[in-house]
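Participant: Contents of run_27.cif (mmCIF, C-alpha atoms) are below:
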data_model
loop_
_atom_site.group_PDB
_atom_site.id
_atom_site.type_symbol
_atom_site.label_atom_id
_atom_site.label_comp_id
_atom_site.auth_asym_id
_atom_site.auth_seq_id
_atom_site.Cartn_x
_atom_site.Cartn_y
_atom_site.Cartn_z
ATOM 1 C CA MET V 1 25.427 3.124 -2.457
ATOM 2 C CA LYS V 2 28.640 4.137 -0.715
ATOM 3 C CA GLU V 3 31.593 1.918 0.192
ATOM 4 C CA SER V 4 30.653 2.237 3.868
ATOM 5 C CA ILE V 5 27.258 0.671 3.089
ATOM 6 C CA LEU V 6 28.944 -2.125 1.127
ATOM 7 C CA TRP V 7 31.217 -2.724 4.143
ATOM 8 C CA ARG V 8 28.241 -2.988 6.499
ATOM 9 C CA LYS V 9 26.489 -5.416 4.144
ATOM 10 C CA LEU V 10 29.612 -7.595 4.034
ATOM 11 C CA ARG V 11 30.159 -7.464 7.804
ATOM 12 C CA ASP V 12 26.529 -8.094 8.726
ATOM 13 C CA GLY V 13 25.986 -10.697 5.999
ATOM 14 C CA THR V 14 28.927 -12.796 7.187
ATOM 15 C CA SER V 15 28.419 -12.343 10.936
ATOM 16 C CA ALA V 16 27.345 -15.978 11.420
ATOM 17 C CA LEU V 17 30.512 -17.279 9.720
ATOM 18 C CA ASP V 18 32.921 -16.372 12.547
ATOM 19 C CA ILE V 19 35.180 -14.205 10.395
ATOM 20 C CA HIS V 20 37.407 -11.700 12.134
ATOM 21 C CA TRP V 21 36.998 -8.540 10.022
ATOM 22 C CA THR V 22 39.050 -5.359 10.281
ATOM 23 C CA ARG V 23 38.119 -2.227 8.362
ATOM 24 C CA LEU V 24 41.337 -0.441 7.440
ATOM 25 C CA GLU V 25 41.992 3.248 6.984
ATOM 26 C CA SER V 26 43.684 3.727 3.617
ATOM 27 C CA TRP V 27 45.373 6.995 4.626
ATOM 28 C CA ALA V 28 47.701 5.002 6.888
ATOM 29 C CA SER V 29 49.180 3.037 4.004
ATOM 30 C CA PRO V 30 48.054 3.950 0.480
ATOM 31 C CA GLY V 31 46.897 1.042 -1.633
ATOM 32 C CA VAL V 32 46.112 -1.393 1.171
ATOM 33 C CA PRO V 33 42.597 -2.834 0.665
ATOM 34 C CA ASP V 34 39.652 -1.553 2.677
ATOM 35 C CA VAL V 35 38.985 -4.761 4.585
ATOM 36 C CA HIS V 36 41.008 -7.617 5.988
ATOM 37 C CA GLY V 37 39.330 -10.762 7.225
ATOM 38 C CA PHE V 38 40.617 -13.929 8.784
ATOM 39 C CA TYR V 39 38.513 -17.071 8.354
ATOM 40 C CA GLN V 40 39.927 -20.383 9.561
ATOM 41 C CA SER V 41 43.367 -20.359 7.884
ATOM 42 C CA TYR V 42 42.460 -17.861 5.152
ATOM 43 C CA ASP V 43 43.596 -14.245 4.900
ATOM 44 C CA LEU V 44 40.913 -12.325 3.016
ATOM 45 C CA TRP V 45 42.043 -8.965 1.623
ATOM 46 C CA ILE V 46 39.143 -7.138 -0.025
ATOM 47 C CA GLU V 47 39.023 -3.816 -1.827
ATOM 48 C CA LEU V 48 35.475 -2.423 -1.790
ATOM 49 C CA LYS V 49 34.258 -0.535 -4.846
ATOM 50 C CA VAL V 50 30.918 0.850 -5.918
ATOM 51 C CA MET V 51 30.060 1.023 -9.612
ATOM 52 C CA ARG V 52 29.310 4.581 -10.685
ATOM 53 C CA SER V 53 27.675 4.472 -14.116
ATOM 54 C CA SER V 54 30.220 2.307 -15.937
ATOM 55 C CA THR V 55 33.330 3.277 -14.027
ATOM 56 C CA ILE V 56 35.274 2.090 -11.025
ATOM 57 C CA LYS V 57 37.892 4.387 -9.544
ATOM 58 C CA VAL V 58 41.113 2.505 -8.886
ATOM 59 C CA ARG V 59 44.109 4.508 -7.692
ATOM 60 C CA PRO V 60 47.661 3.638 -8.825
ATOM 61 C CA HIS V 61 48.658 2.671 -5.254
ATOM 62 C CA GLN V 62 45.788 0.166 -5.165
ATOM 63 C CA ILE V 63 46.855 -1.391 -8.464
ATOM 64 C CA SER V 64 50.427 -1.616 -7.205
ATOM 65 C CA TRP V 65 49.398 -3.243 -3.907
ATOM 66 C CA HIS V 66 47.309 -5.949 -5.596
ATOM 67 C CA TYR V 67 50.028 -6.753 -8.129
ATOM 68 C CA SER V 68 52.694 -6.883 -5.408
ATOM 69 C CA ARG V 69 50.479 -9.229 -3.397
ATOM 70 C CA GLN V 70 50.092 -11.531 -6.407
ATOM 71 C CA ARG V 71 53.841 -11.523 -7.122
ATOM 72 C CA ALA V 72 54.526 -12.502 -3.500
ATOM 73 C CA GLY V 73 52.184 -15.490 -3.831
ATOM 74 C CA GLY V 74 49.242 -13.992 -1.975
ATOM 75 C CA SER V 75 45.637 -13.425 -2.933
ATOM 76 C CA SER V 76 43.405 -10.394 -2.836
ATOM 77 C CA PHE V 77 39.925 -9.555 -4.046
ATOM 78 C CA ILE V 78 37.833 -6.684 -5.376
ATOM 79 C CA LEU V 79 34.174 -6.623 -4.315
ATOM 80 C CA ILE V 80 32.079 -4.358 -6.516
ATOM 81 C CA GLY V 81 28.596 -3.296 -5.583
ATOM 82 C CA ASP V 82 26.576 -2.297 -8.630
ATOM 83 C CA PRO V 83 23.471 -0.471 -7.384
ATOM 84 C CA GLY V 84 22.191 0.128 -10.921
ATOM 85 C CA ARG V 85 21.965 -3.593 -11.663
ATOM 86 C CA ARG V 86 21.421 -4.535 -7.997
ATOM 87 C CA ILE V 87 24.220 -7.094 -7.971
ATOM 88 C CA MET V 88 27.571 -7.667 -6.338
ATOM 89 C CA ASN V 89 30.550 -9.061 -8.200
ATOM 90 C CA LEU V 90 33.816 -10.417 -6.838
ATOM 91 C CA TYR V 91 37.068 -10.457 -8.795
ATOM 92 C CA THR V 92 40.599 -11.491 -7.944
ATOM 93 C CA GLY V 93 43.052 -8.684 -7.305
ATOM 94 C CA ALA V 94 45.020 -9.868 -10.341
ATOM 95 C CA VAL V 95 42.528 -8.074 -12.614
ATOM 96 C CA VAL V 96 42.510 -4.747 -10.739
ATOM 97 C CA ARG V 97 44.056 -2.820 -13.634
ATOM 98 C CA GLU V 98 41.493 -4.132 -16.120
ATOM 99 C CA LEU V 99 38.672 -3.142 -13.756
ATOM 100 C CA SER V 100 39.753 0.480 -14.013
ATOM 101 C CA VAL V 101 38.988 0.516 -17.764
ATOM 102 C CA PRO V 102 35.241 1.198 -18.108
ATOM 103 C CA SER V 103 34.635 -0.749 -21.299
ATOM 104 C CA SER V 104 36.366 -3.913 -20.076
ATOM 105 C CA VAL V 105 34.503 -4.611 -16.818
ATOM 106 C CA SER V 106 31.818 -6.793 -18.414
ATOM 107 C CA SER V 107 34.421 -8.975 -20.145
ATOM 108 C CA ILE V 108 36.583 -9.697 -17.078
ATOM 109 C CA PRO V 109 36.007 -13.130 -15.548
ATOM 110 C CA LEU V 110 34.560 -12.875 -12.087
ATOM 111 C CA ILE V 111 34.713 -15.489 -9.370
ATOM 112 C CA TRP V 112 31.358 -14.805 -7.727
ATOM 113 C CA THR V 113 28.182 -12.820 -8.253
ATOM 114 C CA SER V 114 24.973 -12.428 -6.283
ATOM 115 C CA PRO V 115 21.936 -10.162 -6.197
ATOM 116 C CA THR V 116 22.337 -7.384 -3.627
ATOM 117 C CA ARG V 117 19.079 -8.337 -1.984
ATOM 118 C CA ASN V 118 19.310 -11.732 -0.256
ATOM 119 C CA CYS V 119 23.008 -11.886 -1.039
ATOM 120 C CA ASP V 120 24.616 -15.312 -0.634
ATOM 121 C CA TRP V 121 27.629 -14.204 1.405
ATOM 122 C CA ARG V 122 28.586 -17.746 2.410
ATOM 123 C CA SER V 123 29.125 -18.682 -1.239
ATOM 124 C CA MET V 124 31.342 -15.603 -1.669
ATOM 125 C CA ILE V 125 33.576 -16.727 1.205
ATOM 126 C CA VAL V 126 33.692 -20.255 -0.272
ATOM 127 C CA ALA V 127 34.712 -18.784 -3.653
ATOM 128 C CA MET V 128 37.519 -16.753 -2.066
ATOM 129 C CA CYS V 129 38.788 -19.748 -0.086
ATOM 130 C CA SER V 130 38.755 -21.814 -3.274
ATOM 131 C CA VAL V 131 40.925 -19.224 -5.068
ATOM 132 C CA ILE V 132 43.336 -19.209 -2.120
ATOM 133 C CA ASP V 133 43.448 -23.028 -2.073
ATOM 134 C CA ASP V 134 44.264 -23.039 -5.792
ATOM 135 C CA GLN V 135 47.040 -20.534 -5.181
ATOM 136 C CA ARG V 136 48.420 -22.575 -2.270
ATOM 137 C CA SER V 137 48.514 -25.759 -4.359
ATOM 138 C CA ARG V 138 50.677 -24.197 -7.094
ATOM 139 C CA PRO V 139 54.370 -24.980 -6.811
ATOM 140 C CA LYS V 140 56.417 -22.031 -5.607
ATOM 141 C CA ASP V 141 59.213 -20.784 -7.842
ATOM 142 C CA CYS V 142 62.168 -20.448 -5.514
ATOM 143 C CA ASP V 143 64.773 -20.463 -8.291
ATOM 144 C CA ASN V 144 64.856 -16.668 -8.439
ATOM 145 C CA MET V 145 65.159 -16.167 -4.687
ATOM 146 C CA ASP V 146 68.584 -15.522 -3.251
ATOM 147 C CA ILE V 147 67.967 -17.441 -0.040
ATOM 148 C CA GLY V 148 71.602 -17.525 1.070
ATOM 149 C CA SER V 149 72.231 -13.782 0.961
ATOM 150 C CA PRO V 150 72.568 -11.942 4.270
ATOM 151 C CA SER V 151 69.783 -9.517 3.335
ATOM 152 C CA SER V 152 67.262 -12.308 2.822
ATOM 153 C CA SER V 153 67.936 -14.260 6.005
ATOM 154 C CA SER V 154 67.609 -13.249 9.611
ATOM 155 C CA SER V 155 70.569 -13.317 11.886
ATOM 156 C CA SER V 156 70.962 -16.774 13.356
ATOM 157 C CA SER V 157 74.074 -16.222 15.418
ATOM 158 C CA SER V 158 73.739 -16.677 19.129
ATOM 159 C CA SER V 159 75.295 -14.446 21.686
ATOM 160 C CA THR V 160 78.139 -15.782 23.776
#
What is this structure when it is put down as structure tokens?
Facilitator:
Amino acid sequence: MKESILWRKLRDGTSALDIHWTRLESWASPGVPDVHGFYQSYDLWIELKVMRSSTIKVRPHQISWHYSRQRAGGSSFILIGDPGRRIMNLYTGAVVRELSVPSSVSSIPLIWTSPTRNCDWRSMIVAMCSVIDDQRSRPKDCDNMDIGSPSSSSSSSSST
């Protein structure tokens, strides 16, 4: 299985859910996930990976993007197709570094799994929305933000 096949499975499997999907070209901005979707009020950033033996290739830019997204209060996901076991697994982007270590993949908590055949895509979207809802309900830590500095605020002066 190639990532392009995984993309088509995701797109076709969720077509009835009215999700606006965009397949992104990673050469334009290294590290940005392969797919962005918008479903109701949810931004769904998904990195597509295919399990090759026991390894998943994760580039440093991808790790950096997912960690930066988490630090900014956002969510992202890694969807792994495993053709050998005929399953798909979904993880949060927060565990992207651990996914790159072959021996640790089976011990990382996943948020969704389904057989490749007759995949329950609706439950995957529900799982992602649930993670995002949990993230939204956490209090934001604004103590470390310098809100009053000129570099962090837009110009509010009006012209005369």
Participant: Can you translate the PyMOL selection byres ((chain V and resi 60-72) around 7) into the concrete residues it hits in this file, as number ranges by chain?
Facilitator: V: 30-32, 58-59, 73-76, 93-94, 96-97
Participant: Would you please work out which residue, of V:Val95, V:Ser137, V:Ile87, V:Lys57, is nearest to V:Trp112 when using all atoms listed in the file?
Facilitator: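 When distances to V:Trp112 are compared using all atoms listed in the file, the smallest one comes from V:Ile87.
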Participant: Do you have the atom CA of V:Val131-atom CA of V:Ile80 distance handy?
Facilitator: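 Taking atom CA of V:Val131 and atom CA of V:Ile80, their separation equals 17.4 Å.
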Participant: Within 10 Å of (32.0, -12.2, -9.8), only C-alpha atoms: residues as a PyMOL selection string?
Facilitator: chain V and resi 78-80+87-92+108-114+124+127
Participant: Rank V:Phe77, V:Ile56, V:Cys129, V:Arg136 by their smallest atom-to-atom distance to V:Pro102, using all atoms listed in the file, and report the top residue only.
Facilitator: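 Going through V:Phe77, V:Ile56, V:Cys129, V:Arg136 one by one, the smallest distance to V:Pro102 is for V:Ile56.
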Participant: Env of V:Asp12: 12 Å cut, atoms = all atoms listed in the file, seq-sep filter 4 positions within chain, self excluded. Answer as a tab-separated table (two decimals) with C-alpha atoms, in the frame of the given file.
Facilitator:
chain	number	residue	atom	x	y	z
V	5	ILE	CA	27.26	0.67	3.09
V	6	LEU	CA	28.94	-2.12	1.13
V	7	TRP	CA	31.22	-2.72	4.14
V	8	ARG	CA	28.24	-2.99	6.50
V	16	ALA	CA	27.34	-15.98	11.42
V	17	LEU	CA	30.51	-17.28	9.72
V	18	ASP	CA	32.92	-16.37	12.55
V	19	ILE	CA	35.18	-14.20	10.40
V	20	HIS	CA	37.41	-11.70	12.13
V	21	TRP	CA	37.00	-8.54	10.02
V	119	CYS	CA	23.01	-11.89	-1.04
V	120	ASP	CA	24.62	-15.31	-0.63
V	121	TRP	CA	27.63	-14.20	1.40
V	122	ARG	CA	28.59	-17.75	2.41
Participant: Hey, can you check how far atom CA of V:Trp45 sits from atom CA of V:Asp82?
Facilitator: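 Computed distance, atom CA of V:Trp45 to atom CA of V:Asp82, equals 19.7 Å.
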Participant: Could you tell me how far atom CA of V:Val101 sits from atom CA of V:Thr55, in Å to one decimal place?
Facilitator: 7.3 Å
Participant: Between V:Ile125, V:Leu48, V:Met1, V:Leu24, single out the one closest to V:Arg86, counting only C-alpha atoms.
Facilitator: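 Result for the nearest residue to V:Arg86: V:Met1.
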Participant: For V:Ser54, which residue out of V:Arg85, V:Arg138, V:Thr14, V:Asn118 is the nearest one, using only C-alpha atoms?
Facilitator: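 Going through V:Arg85, V:Arg138, V:Thr14, V:Asn118 one by one, the smallest distance to V:Ser54 is for V:Arg85.
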Participant: Can you work out which one of V:Lys49, V:Pro139, V:Pro115, V:Ser123 has the shortest atom-to-atom distance to V:Ser100, counting all atoms listed in the file?
Facilitator: V:Lys49
Participant: Which residue is closest to V:Met51? Choose from V:Ser29, V:Pro83, V:Gly13, V:Leu99 and count all atoms listed in the file.
Facilitator: V:Pro83
Participant: Where atoms are missing, can you supply N, CA, C and O atoms for stretch 68-81 of chain V and output the lot as a tab-separated table (two decimals), in the coordinates of the input?
Facilitator:
chain	number	residue	atom	x	y	z
V	68	SER	N	51.61	-6.45	-6.31
V	68	SER	CA	52.69	-6.88	-5.41
V	68	SER	C	52.26	-8.10	-4.60
V	68	SER	O	53.04	-9.02	-4.37
V	69	ARG	N	51.02	-8.09	-4.16
V	69	ARG	CA	50.48	-9.23	-3.40
V	69	ARG	C	50.51	-10.50	-4.25
V	69	ARG	O	50.90	-11.57	-3.77
V	70	GLN	N	50.08	-10.38	-5.50
V	70	GLN	CA	50.09	-11.53	-6.41
V	70	GLN	C	51.51	-12.04	-6.64
V	70	GLN	O	51.75	-13.24	-6.60
V	71	ARG	N	52.45	-11.12	-6.88
V	71	ARG	CA	53.84	-11.52	-7.12
V	71	ARG	C	54.43	-12.24	-5.92
V	71	ARG	O	55.27	-13.12	-6.07
V	72	ALA	N	54.00	-11.87	-4.72
V	72	ALA	CA	54.53	-12.50	-3.50
V	72	ALA	C	53.84	-13.84	-3.20
V	72	ALA	O	54.19	-14.50	-2.24
V	73	GLY	N	52.87	-14.21	-4.03
V	73	GLY	CA	52.18	-15.49	-3.83
V	73	GLY	C	50.90	-15.39	-3.04
V	73	GLY	O	50.30	-16.40	-2.69
V	74	GLY	N	50.47	-14.18	-2.74
V	74	GLY	CA	49.24	-13.99	-1.98
V	74	GLY	C	48.03	-13.75	-2.86
V	74	GLY	O	48.15	-13.64	-4.08
V	75	SER	N	46.89	-13.67	-2.23
V	75	SER	CA	45.64	-13.42	-2.93
V	75	SER	C	44.98	-12.17	-2.40
V	75	SER	O	45.18	-11.80	-1.23
V	76	SER	N	44.21	-11.54	-3.24
V	76	SER	CA	43.40	-10.39	-2.84
V	76	SER	C	42.18	-10.36	-3.75
V	76	SER	O	42.14	-11.04	-4.78
V	77	PHE	N	41.20	-9.56	-3.34
V	77	PHE	CA	39.92	-9.56	-4.05
V	77	PHE	C	39.37	-8.14	-4.16
V	77	PHE	O	39.69	-7.27	-3.34
V	78	ILE	N	38.54	-7.94	-5.17
V	78	ILE	CA	37.83	-6.68	-5.38
V	78	ILE	C	36.34	-7.02	-5.35
V	78	ILE	O	35.86	-7.80	-6.18
V	79	LEU	N	35.62	-6.44	-4.40
V	79	LEU	CA	34.17	-6.62	-4.32
V	79	LEU	C	33.51	-5.35	-4.83
V	79	LEU	O	33.74	-4.27	-4.29
V	80	ILE	N	32.73	-5.51	-5.89
V	80	ILE	CA	32.08	-4.36	-6.52
V	80	ILE	C	30.58	-4.45	-6.32
V	80	ILE	O	29.94	-5.41	-6.76
V	81	GLY	N	30.04	-3.43	-5.68
V	81	GLY	CA	28.60	-3.30	-5.58
V	81	GLY	C	28.12	-2.48	-6.77
V	81	GLY	O	28.65	-1.42	-7.06
